[in-house]
>>> print(open('my_file39.cif').read())   # mmCIF, C-alpha atoms
data_entry
#
loop_
_atom_site.label_atom_id
_atom_site.label_comp_id
_atom_site.auth_asym_id
_atom_site.auth_seq_id
_atom_site.Cartn_x
_atom_site.Cartn_y
_atom_site.Cartn_z
CA MET A 22 26.56 -13.28 -51.98
CA ALA A 23 29.95 -13.26 -50.35
CA CYS A 24 28.70 -11.29 -47.36
CA CYS A 25 26.16 -14.00 -46.62
CA THR A 26 28.80 -16.69 -45.93
CA PRO A 27 29.25 -15.94 -42.19
CA SER A 28 25.58 -15.39 -41.44
CA PRO A 29 22.99 -15.61 -44.25
CA ARG A 30 20.22 -14.59 -41.86
CA LEU A 31 21.86 -11.29 -40.94
CA CYS A 32 22.70 -10.51 -44.55
CA SER A 33 19.17 -11.12 -45.80
CA ARG A 34 17.62 -9.16 -42.95
CA SER A 35 20.01 -6.26 -43.57
CA SER A 36 19.02 -6.18 -47.24
CA ALA A 37 15.35 -6.39 -46.32
CA TYR A 38 15.57 -3.45 -43.92
CA THR A 39 17.54 -1.43 -46.46
CA LEU A 40 14.82 -2.12 -49.03
CA ALA A 41 12.13 -1.15 -46.51
CA LEU A 42 13.98 2.09 -45.77
CA GLY A 43 14.16 2.94 -49.47
CA LEU A 44 10.49 2.11 -50.09
CA GLY A 45 9.48 4.16 -47.06
CA PHE A 46 11.45 7.15 -48.30
CA VAL A 47 9.89 6.90 -51.78
CA THR A 48 6.36 6.57 -50.38
CA LEU A 49 6.77 9.49 -47.98
CA GLY A 50 8.47 11.71 -50.57
CA THR A 51 5.71 11.11 -53.10
CA SER A 52 2.99 11.62 -50.48
CA ARG A 53 4.52 14.90 -49.39
CA ILE A 54 4.41 16.35 -52.91
CA LEU A 55 0.77 15.30 -53.30
CA LEU A 56 -0.24 16.70 -49.90
CA LEU A 57 1.52 20.00 -50.64
CA LYS A 58 -0.77 20.32 -53.65
CA PHE A 59 -3.95 19.09 -51.97
CA SER A 60 -3.57 21.37 -48.94
CA ALA A 61 -3.53 24.54 -51.10
CA ASN A 62 -6.69 26.61 -51.60
CA ALA A 63 -8.59 27.39 -54.82
CA ASP A 64 -6.08 30.14 -55.67
CA ASN A 65 -3.20 27.66 -55.36
CA LYS A 66 -2.00 29.37 -52.18
CA TYR A 67 -2.00 28.33 -48.54
CA ASP A 68 -4.51 29.52 -45.95
CA PHE A 69 -2.14 28.39 -43.19
CA LEU A 70 1.38 29.52 -42.41
CA PRO A 71 3.92 27.13 -43.99
CA ALA A 72 6.24 27.62 -41.01
CA SER A 73 3.49 26.22 -38.74
CA VAL A 74 3.58 22.91 -40.65
CA ASN A 75 7.36 22.71 -40.29
CA LEU A 76 7.24 23.69 -36.62
CA LEU A 77 4.71 20.96 -35.79
CA ALA A 78 6.74 18.42 -37.77
CA GLU A 79 9.94 19.39 -35.97
CA LEU A 80 8.18 19.09 -32.60
CA LEU A 81 6.95 15.58 -33.48
CA LYS A 82 10.43 14.49 -34.56
CA LEU A 83 12.01 16.00 -31.46
CA LEU A 84 9.50 14.28 -29.16
CA PHE A 85 10.05 10.92 -30.86
CA CYS A 86 13.85 11.20 -30.70
CA LEU A 87 13.80 12.31 -27.05
CA VAL A 88 11.73 9.26 -26.09
CA MET A 89 14.01 6.93 -28.05
CA SER A 90 17.11 8.65 -26.62
CA LEU A 91 15.90 8.04 -23.08
CA ARG A 92 15.40 4.40 -24.01
CA VAL A 93 18.98 4.21 -25.30
CA ILE A 94 20.37 5.93 -22.18
CA VAL A 95 18.51 3.62 -19.80
CA ARG A 96 19.63 0.52 -21.70
CA GLU A 97 23.28 1.54 -21.78
CA GLY A 98 23.37 3.01 -18.27
CA ARG A 99 24.45 6.44 -19.44
CA SER A 100 23.77 9.87 -17.96
CA CYS A 101 20.77 11.92 -19.02
CA ARG A 102 23.10 14.93 -19.23
CA GLU A 103 24.11 13.71 -22.67
CA LEU A 104 20.75 14.92 -23.95
CA GLY A 105 21.29 18.44 -22.67
CA TRP A 106 24.01 21.06 -22.48
CA SER A 107 25.60 20.36 -19.12
CA SER A 108 28.59 22.59 -19.79
CA SER A 109 29.70 25.39 -22.06
CA ARG A 110 31.94 22.94 -23.92
CA SER A 111 29.08 20.56 -24.69
CA PHE A 112 26.93 23.52 -25.75
CA LEU A 113 29.59 24.75 -28.18
CA ASN A 114 30.01 21.22 -29.49
CA SER A 115 26.27 20.98 -30.09
CA LEU A 116 26.23 24.20 -32.10
CA LYS A 117 27.46 22.31 -35.15
CA TRP A 118 23.97 20.82 -35.44
CA SER A 119 22.55 24.31 -35.94
CA VAL A 120 24.10 24.49 -39.42
CA PRO A 121 22.19 21.58 -41.01
CA ALA A 122 19.13 22.54 -38.95
CA PHE A 123 19.11 26.01 -40.51
CA LEU A 124 19.65 24.61 -44.01
CA TYR A 125 16.82 22.10 -43.56
CA PHE A 126 14.64 24.92 -42.23
CA LEU A 127 15.18 26.86 -45.47
CA ASP A 128 14.74 23.76 -47.60
CA ASN A 129 11.40 22.83 -46.01
CA LEU A 130 10.12 26.41 -46.32
CA ILE A 131 11.10 26.99 -49.95
CA ILE A 132 9.25 23.90 -51.19
CA PHE A 133 5.89 25.51 -50.31
CA TYR A 134 6.59 28.46 -52.59
CA VAL A 135 7.97 26.25 -55.36
CA MET A 136 4.69 24.32 -55.47
CA THR A 137 2.69 27.53 -55.91
CA TYR A 138 4.59 28.27 -59.14
CA LEU A 139 5.23 24.86 -60.73
CA GLN A 140 3.32 21.71 -61.54
CA PRO A 141 4.31 18.79 -59.24
CA ALA A 142 5.67 16.78 -62.18
CA MET A 143 7.85 19.66 -63.38
CA ALA A 144 8.99 20.44 -59.83
CA VAL A 145 10.22 16.90 -59.12
CA LEU A 146 11.84 16.64 -62.55
CA PHE A 147 13.69 19.94 -62.16
CA SER A 148 14.71 18.92 -58.63
CA ASN A 149 17.08 16.38 -60.22
CA PHE A 150 19.37 19.39 -60.46
CA VAL A 151 20.27 18.41 -56.89
CA ILE A 152 22.40 15.61 -58.35
CA LEU A 153 24.58 18.21 -60.05
CA THR A 154 24.88 20.34 -56.92
CA THR A 155 25.57 17.27 -54.77
CA ALA A 156 28.29 16.05 -57.14
CA VAL A 157 30.00 19.45 -57.19
CA LEU A 158 29.89 19.75 -53.40
CA PHE A 159 31.11 16.16 -53.03
CA ARG A 160 34.11 17.06 -55.18
CA ILE A 161 34.84 20.33 -53.35
CA VAL A 162 33.99 19.42 -49.75
CA LEU A 163 34.65 15.68 -49.52
CA LYS A 164 37.28 15.47 -52.32
CA ARG A 165 35.45 12.63 -54.07
CA ARG A 166 36.74 11.91 -57.58
CA LEU A 167 34.39 11.90 -60.60
CA SER A 168 35.16 10.28 -63.94
CA TRP A 169 34.97 12.16 -67.22
CA VAL A 170 31.89 10.11 -68.16
CA GLN A 171 30.20 11.27 -64.97
CA TRP A 172 31.01 14.91 -65.72
CA ALA A 173 29.61 14.42 -69.23
CA ALA A 174 26.45 12.86 -67.77
CA LEU A 175 26.08 15.84 -65.43
CA LEU A 176 26.42 18.21 -68.39
CA VAL A 177 23.71 16.30 -70.30
CA LEU A 178 21.54 16.38 -67.18
CA PHE A 179 21.98 20.14 -66.82
CA LEU A 180 21.24 20.85 -70.49
CA SER A 181 18.18 18.58 -70.45
CA ILE A 182 16.74 20.37 -67.42
CA VAL A 183 17.41 23.77 -68.99
CA SER A 184 15.73 22.59 -72.20
CA LEU A 185 12.70 21.41 -70.23
CA THR A 186 12.58 24.74 -68.45
CA THR A 187 12.44 26.75 -71.67
CA GLY A 188 10.48 24.35 -73.85
CA SER A 189 7.52 23.14 -71.78
CA GLY A 190 5.66 26.43 -71.86
CA GLY A 191 2.49 26.80 -69.84
CA SER A 192 2.46 23.14 -68.78
CA GLN A 193 4.98 24.10 -66.07
CA ASN A 194 2.70 26.56 -64.31
CA ALA A 195 0.92 25.37 -61.21
CA ILE A 196 -2.87 25.13 -61.25
CA ALA A 197 -5.35 24.58 -58.46
CA VAL A 198 -6.77 21.09 -57.95
CA PRO A 199 -10.54 21.19 -58.54
CA GLY A 200 -12.87 19.52 -56.07
CA LEU A 201 -10.25 18.68 -53.43
CA HIS A 202 -10.32 21.79 -51.24
CA THR A 203 -11.60 21.11 -47.73
CA ASN A 204 -12.84 23.55 -45.13
CA PRO A 205 -10.57 24.61 -42.25
CA LEU A 206 -10.62 22.37 -39.20
CA SER A 207 -11.72 25.14 -36.84
CA THR A 208 -13.97 28.18 -37.12
CA PRO A 209 -12.04 31.43 -36.63
CA SER A 210 -12.85 33.47 -33.52
CA ASN A 211 -14.11 37.05 -33.57
CA SER A 212 -10.62 38.29 -32.70
CA CYS A 213 -9.19 36.31 -35.60
CA LEU A 214 -11.82 37.64 -38.04
CA LEU A 215 -11.16 41.24 -37.01
CA TYR A 216 -7.42 40.81 -37.34
CA THR A 217 -7.59 39.14 -40.78
CA GLN A 218 -9.97 41.87 -42.03
CA LEU A 219 -7.60 44.57 -40.78
CA LEU A 220 -4.67 42.76 -42.38
CA GLU A 221 -6.49 42.56 -45.71
CA GLN A 222 -7.32 46.27 -45.59
CA MET A 223 -3.69 47.12 -44.93
CA ARG A 224 -2.60 45.00 -47.88
CA ASN A 225 -5.10 46.62 -50.21
CA SER A 226 -4.18 50.14 -49.09
CA SER A 227 -0.45 49.50 -49.50
CA ALA A 228 -0.98 47.93 -52.93
CA SER A 229 -3.08 50.82 -54.21
CA GLY A 230 -1.04 53.63 -52.63
CA SER A 231 0.54 55.81 -55.29
CA TRP A 232 3.16 57.06 -52.85
CA VAL A 233 4.95 53.69 -52.96
CA SER A 234 6.27 54.32 -56.46
CA SER A 235 7.94 57.52 -55.27
CA LEU A 236 10.06 55.79 -52.63
CA PRO A 237 13.85 55.82 -53.26
CA GLY A 238 14.93 52.73 -55.16
CA GLN A 239 11.36 51.51 -55.72
CA ALA A 240 11.67 51.65 -59.50
CA TRP A 241 14.88 49.59 -59.33
CA ARG A 242 13.19 47.02 -57.09
CA ASP A 243 10.23 46.80 -59.46
CA ARG A 244 12.59 46.11 -62.38
CA VAL A 245 14.35 43.38 -60.38
CA VAL A 246 11.06 41.74 -59.46
CA GLY A 247 9.89 41.94 -63.07
CA LYS A 248 13.12 40.35 -64.28
CA LEU A 249 12.81 37.52 -61.76
CA ARG A 250 9.24 36.87 -62.85
CA SER A 251 10.30 36.72 -66.49
CA LEU A 252 13.00 34.18 -65.62
CA GLY A 253 10.58 32.12 -63.56
CA VAL A 254 10.39 32.51 -59.79
CA GLY A 255 9.64 28.81 -59.37
CA HIS A 256 12.79 27.80 -61.23
CA ILE A 257 14.98 30.22 -59.29
CA LEU A 258 13.60 28.99 -55.97
CA LEU A 259 14.06 25.37 -57.04
CA VAL A 260 17.71 25.87 -58.00
CA LEU A 261 18.28 27.61 -54.65
CA GLN A 262 16.58 24.74 -52.87
CA CYS A 263 18.78 22.20 -54.66
CA PHE A 264 21.94 23.92 -53.43
CA ILE A 265 20.58 24.23 -49.88
CA SER A 266 19.39 20.60 -49.81
CA ALA A 267 22.72 19.29 -51.09
CA MET A 268 24.69 21.33 -48.54
CA ALA A 269 22.39 20.23 -45.71
CA ASN A 270 22.62 16.52 -46.52
CA ILE A 271 26.37 16.50 -47.10
CA TYR A 272 27.13 18.42 -43.91
CA ASN A 273 24.66 16.33 -41.91
CA GLU A 274 26.15 13.05 -43.13
CA LYS A 275 29.62 14.34 -42.33
CA ILE A 276 28.87 15.16 -38.69
CA LEU A 277 26.75 12.03 -38.24
CA LYS A 278 29.74 9.84 -39.11
CA GLU A 279 32.85 11.79 -38.12
CA GLY A 280 34.98 10.57 -35.25
CA ASP A 281 33.18 9.08 -32.29
CA GLN A 282 29.84 10.30 -33.68
CA LEU A 283 29.78 7.19 -35.89
CA THR A 284 29.07 5.01 -32.84
CA GLU A 285 26.67 7.49 -31.22
CA SER A 286 22.93 6.82 -31.18
CA ILE A 287 21.14 8.45 -34.09
CA PHE A 288 18.33 9.47 -31.76
CA ILE A 289 20.64 11.44 -29.47
CA GLN A 290 22.21 13.11 -32.50
CA ASN A 291 18.87 14.00 -34.05
CA SER A 292 17.50 15.34 -30.78
CA LYS A 293 20.05 18.15 -31.05
CA LEU A 294 19.32 18.68 -34.74
CA TYR A 295 15.56 18.91 -34.27
CA ALA A 296 15.88 21.15 -31.21
CA PHE A 297 17.53 23.76 -33.43
CA GLY A 298 14.87 23.12 -36.08
CA VAL A 299 12.16 23.97 -33.57
CA VAL A 300 14.00 27.17 -32.63
CA PHE A 301 14.37 28.39 -36.23
CA ASN A 302 10.73 27.73 -37.15
CA ALA A 303 9.47 29.29 -33.92
CA LEU A 304 11.57 32.40 -34.62
CA THR A 305 9.98 32.63 -38.07
CA LEU A 306 6.53 32.74 -36.50
CA GLY A 307 7.60 35.06 -33.70
CA LEU A 308 9.71 37.63 -35.51
CA GLY A 309 7.50 38.26 -38.55
CA SER A 310 4.80 40.78 -37.66
CA GLU A 311 2.13 39.19 -39.88
CA ALA A 312 2.94 35.62 -38.83
CA ARG A 313 3.11 36.62 -35.18
CA GLY A 314 -0.24 38.40 -35.38
CA LEU A 315 -1.96 35.44 -37.04
CA THR A 316 -0.49 33.02 -34.51
CA VAL A 317 -1.51 35.16 -31.52
CA HIS A 318 -5.03 36.06 -32.69
CA CYS A 319 -5.93 32.93 -34.68
CA GLY A 320 -3.77 30.17 -33.21
CA LEU A 321 -1.07 27.90 -34.61
CA LEU A 322 -3.62 25.78 -36.51
CA HIS A 323 -5.22 28.73 -38.29
CA GLY A 324 -6.19 27.78 -41.86
CA HIS A 325 -5.17 24.15 -41.49
CA ASN A 326 -7.23 21.39 -43.09
CA VAL A 327 -7.13 17.59 -43.16
CA TYR A 328 -4.47 17.55 -45.86
CA SER A 329 -2.18 19.98 -44.05
CA LEU A 330 -2.32 17.88 -40.88
CA GLY A 331 -1.46 14.84 -42.98
CA LEU A 332 1.39 16.91 -44.40
CA VAL A 333 2.70 17.49 -40.86
CA LEU A 334 2.84 13.76 -40.17
CA VAL A 335 4.39 12.91 -43.54
CA THR A 336 7.00 15.69 -43.24
CA ALA A 337 8.02 14.42 -39.81
CA ALA A 338 8.28 10.81 -40.98
CA LEU A 339 10.18 11.86 -44.12
CA GLY A 340 12.71 13.80 -42.05
CA LEU A 341 13.33 10.75 -39.85
CA SER A 342 13.77 8.50 -42.89
CA VAL A 343 16.35 10.89 -44.38
CA ALA A 344 18.26 10.84 -41.08
CA PHE A 345 18.34 7.04 -41.10
CA ILE A 346 19.53 7.00 -44.72
CA LEU A 347 22.36 9.45 -44.04
CA LYS A 348 23.39 7.55 -40.90
CA PHE A 349 23.22 3.97 -42.17
CA ARG A 350 23.62 4.44 -45.92
CA ASP A 351 24.79 7.61 -47.68
CA ASN A 352 23.80 10.61 -49.77
CA MET A 353 23.99 8.64 -53.01
CA PHE A 354 21.39 6.17 -51.80
CA HIS A 355 19.21 9.14 -50.82
CA VAL A 356 19.54 10.93 -54.17
CA LEU A 357 19.09 7.90 -56.41
CA THR A 358 16.13 6.55 -54.44
CA GLY A 359 14.45 9.91 -54.97
CA GLN A 360 14.36 9.25 -58.72
CA ILE A 361 11.59 6.71 -58.17
CA SER A 362 9.51 9.51 -56.66
CA THR A 363 10.09 11.50 -59.85
CA VAL A 364 8.53 8.76 -61.96
CA LEU A 365 5.63 8.23 -59.53
CA VAL A 366 4.74 11.91 -59.19
CA THR A 367 4.91 12.43 -62.96
CA ALA A 368 2.60 9.48 -63.58
CA LEU A 369 0.13 10.55 -60.87
CA SER A 370 0.11 14.14 -62.17
CA LEU A 371 -1.41 12.94 -65.44
CA PHE A 372 -4.50 11.77 -63.56
CA LEU A 373 -4.72 14.01 -60.48
CA PHE A 374 -3.52 17.44 -61.60
CA ASP A 375 -4.63 17.58 -65.25
CA PHE A 376 -1.00 17.64 -66.33
CA ARG A 377 -0.75 17.82 -70.12
CA PRO A 378 2.91 17.47 -71.07
CA SER A 379 4.13 18.57 -74.48
CA LEU A 380 6.07 16.45 -76.94
CA ASP A 381 9.25 18.11 -75.66
CA PHE A 382 8.54 16.70 -72.21
CA PHE A 383 8.26 13.12 -73.48
CA LEU A 384 11.49 13.52 -75.46
CA GLN A 385 13.55 15.25 -72.79
CA ALA A 386 12.34 13.66 -69.53
CA PRO A 387 13.80 10.24 -70.48
CA THR A 388 17.09 12.03 -71.26
CA VAL A 389 17.18 13.30 -67.68
CA LEU A 390 16.66 9.81 -66.27
CA LEU A 391 19.18 8.33 -68.73
CA ALA A 392 21.82 10.88 -67.70
CA ILE A 393 21.23 9.92 -64.07
CA PHE A 394 21.67 6.23 -64.96
CA ILE A 395 24.93 6.88 -66.86
CA TYR A 396 26.22 8.98 -63.97
CA ASN A 397 25.57 6.17 -61.49
CA ALA A 398 26.95 3.45 -63.78
CA SER A 399 30.25 5.27 -64.40
CA ARG A 400 31.81 5.04 -60.96
CA PRO A 401 35.55 5.70 -60.77
CA LYS A 402 37.74 3.41 -58.66
CA ASP A 403 38.81 5.79 -55.93
CA LEU A 404 41.35 3.92 -53.78
CA GLU A 405 41.24 6.46 -50.95
CA TYR A 406 37.45 6.39 -50.81
CA THR A 407 37.46 2.56 -50.92
CA LEU A 408 39.82 2.41 -47.94
CA GLN A 409 37.61 4.88 -46.10
CA GLN A 410 34.57 2.70 -46.75
CA GLU A 411 36.41 -0.40 -45.50
CA LYS A 412 37.22 1.40 -42.24
CA LEU A 413 33.59 2.43 -41.96
CA ARG A 414 32.46 -1.19 -42.41
CA VAL A 415 34.80 -2.35 -39.64
CA VAL A 416 33.46 0.28 -37.25
CA ASN A 417 29.88 -0.54 -38.24
CA GLY A 418 30.52 -4.19 -37.48
CA GLU A 419 31.73 -3.21 -34.01
CA VAL A 420 28.61 -1.10 -33.54
CA PHE A 421 26.44 -4.10 -34.29
CA GLU A 422 28.26 -6.36 -31.89
CA ARG A 423 28.65 -3.85 -29.03
CA SER A 424 25.43 -1.89 -28.84
CA ARG A 425 21.73 -2.47 -29.39
CA GLY A 426 20.67 1.01 -28.34
CA ASP A 427 19.32 2.20 -31.71
CA GLY A 428 17.05 -0.78 -32.09
CA GLU A 429 18.13 -4.14 -33.49
CA GLU A 430 16.47 -3.63 -36.83
CA LEU A 431 18.24 -0.31 -37.47
CA GLU A 432 21.68 -1.64 -36.53
CA LEU A 433 21.34 -4.39 -39.10
CA LEU A 434 21.55 -1.67 -41.70
CA THR A 435 25.15 -1.00 -40.66
CA LYS A 436 26.25 -4.62 -41.10
CA PRO A 437 28.88 -5.03 -43.85
CA ASN A 438 27.30 -5.77 -47.22
CA THR A 439 29.87 -5.64 -50.01
CA ASP A 440 27.51 -6.24 -52.92
CA SER A 441 24.94 -3.64 -51.94
CA GLU A 442 27.54 -1.06 -50.95
CA SER A 443 29.43 -1.33 -54.24
CA ASP A 444 26.34 -0.30 -56.18
CA GLU A 445 26.09 2.97 -54.31
CA GLU A 446 29.64 4.37 -54.33
CA SER A 447 29.13 6.56 -57.39
CA LEU A 448 29.98 9.83 -55.66
#
>>> encode(input="my_file39.cif", output="structure tokens")
Amino acid sequence: MACCTPSPRLCSRSSAYTLALGLGFVTLGTSRILLLKFSANADNKYDFLPASVNLLAELLKLLFCLVMSLRVIVREGRSCRELGWSSSRSFLNSLKWSVPAFLYFLDNLIIFYVMTYLQPAMAVLFSNFVILTTAVLFRIVLKRRLSWVQWAALLVLFLSIVSLTTGSGGSQNAIAVPGLHTNPLSTPSNSCLLYTQLLEQMRNSSASGSWVSSLPGQAWRDRVVGKLRSLGVGHILLVLQCFISAMANIYNEKILKEGDQLTESIFIQNSKLYAFGVVFNALTLGLGSEARGLTVHCGLLHGHNVYSLGLVLVTAALGLSVAFILKFRDNMFHVLTGQISTVLVTALSLFLFDFRPSLDFFLQAPTVLLAIFIYNASRPKDLEYTLQQEKLRVVNGEVFERSRGDGEELELLTKPNTDSESDEESL
């Protein structure tokens, strides 16, 4: 390759680390879907609070990034004040990280409820709708140009997903996994047992109370809920998640690379992001009366099992891998690499989750993947975007030469690589 002429060793190592980053993302993404299913109970619900999983994952990511940030600061002789909010100006500047943190908070919470309604294979296949939402937001927010072939591919993708939604019937509905439900890690205390019994009694009394139907607007709310159920709650949540995920990744990539942030350590940047993530998940557990009561009386690990603890670790590692992809690659690399997870989860669902797809699934699922391929292969030649990428490569080269703070292996990912970059500039 042309990029290998100055230094073949650097070029090959950069490609190797990029490949490792992609494989790591695929492995963690697939594992997360499987663990979400395995950690559910026999009723296909969760005995633990989903926000507790996300809170523990955010704490792990924050701790890791703080340690690595201190390492960067010591190596470069910088002030530890850069990790905190030493002034009102720095605090206001750090508030921009609260936006992607809140969007990621919603994204990580919605996925739990999606998995209670849909089969894993159908969930990952429908999640390809994120390509459509990402493309639209790329065009609106970042002014990226799409070719007519790409718009046609997006239309085929949308119609194929809608056809799968209406034509797969009962094979979409989530079912419990037999024989894989483990006991909780800890035995609940007497206080916890009394509280959960009281909570169950309150639920039963409120569900059976005839006075509820006489409340103002209750009939209207019942009709709305019934309509949502007929449309498919899982599908509605998944479409919402696709929009939230696309907005989070695009905004996060933008602030990771804008201005002098391009040369900033990813660990210092993510320390601010994950600090807000901890705050949002802690508020979820503290402000909700039921969640707060369970956390106070039963503890943060109430209802957790081996699979849910594995889910905490995988969620934390997956979040870090996404941050590295957005920093050193781009959203397109992130979205297209996720298609491998679609194939893996679909194949594993046939054996692990008793997934019995219909003929429509076998006819329409390849159409989804083919539309994604056509979309990626029909890249327009955007001169403005090409010039922007060239500037980014120059800055990345300076980052490699000037600083080793993020770890030598991660900085190799920012080394100019014309051949690999050209394959990913579809958006």
>>> atom_distance(input="my_file39.cif", atom1="CA of Leu330 (chain A)", atom2="CA of Arg92 (chain A)")
27.9 Å
>>> resolve_selection(input="my_file39.cif", expression="the PyMOL selection byres ((chain A and resi 356-364) around 7)", output="short mmCIF file (atom, residue, chain, number, x, y, z; two decimals) with C-alpha atoms, in the frame of the given file")
data_model
loop_
_atom_site.label_atom_id
_atom_site.label_comp_id
_atom_site.auth_asym_id
_atom_site.auth_seq_id
_atom_site.Cartn_x
_atom_site.Cartn_y
_atom_site.Cartn_z
CA GLY A 43 14.16 2.94 -49.47
CA VAL A 47 9.89 6.90 -51.78
CA GLY A 50 8.47 11.71 -50.57
CA THR A 51 5.71 11.11 -53.10
CA VAL A 145 10.22 16.90 -59.12
CA LEU A 146 11.84 16.64 -62.55
CA ILE A 152 22.40 15.61 -58.35
CA ASN A 352 23.80 10.61 -49.77
CA MET A 353 23.99 8.64 -53.01
CA PHE A 354 21.39 6.17 -51.80
CA HIS A 355 19.21 9.14 -50.82
CA LEU A 365 5.63 8.23 -59.53
CA VAL A 366 4.74 11.91 -59.19
CA THR A 367 4.91 12.43 -62.96
CA ALA A 368 2.60 9.48 -63.58
#
>>> residues_near_point(input="my_file39.cif", point="(20.7, 20.8, -55.0)", cutoff="10 Å", atoms="all atoms listed in the file", output="list in words")
Asp128, Ser148, Asn149, Phe150, Val151, Ile152, Leu153, Thr154, Thr155, Ala156, Val157, Leu158, Leu259, Val260, Leu261, Gln262, Cys263, Phe264, Ile265, Ser266, Ala267, Met268, Ala269, Asn270 and Val356 of chain A
>>> closest_residue(input="my_file39.cif", among="A:Val120, A:Val254, A:Val343, A:Cys213", to="Val317 (chain A)", atoms="all atoms listed in the file")
A:Cys213
>>> closest_residue(input="my_file39.cif", among="A:Leu55, A:Ile287, A:Leu70, A:Val183", to="Leu373 (chain A)", atoms="all atoms listed in the file")
A:Leu55
>>> atom_distance(input="my_file39.cif", atom1="CA of Asn75 (chain A)", atom2="CA of Gly320 (chain A)")
15.2 Å
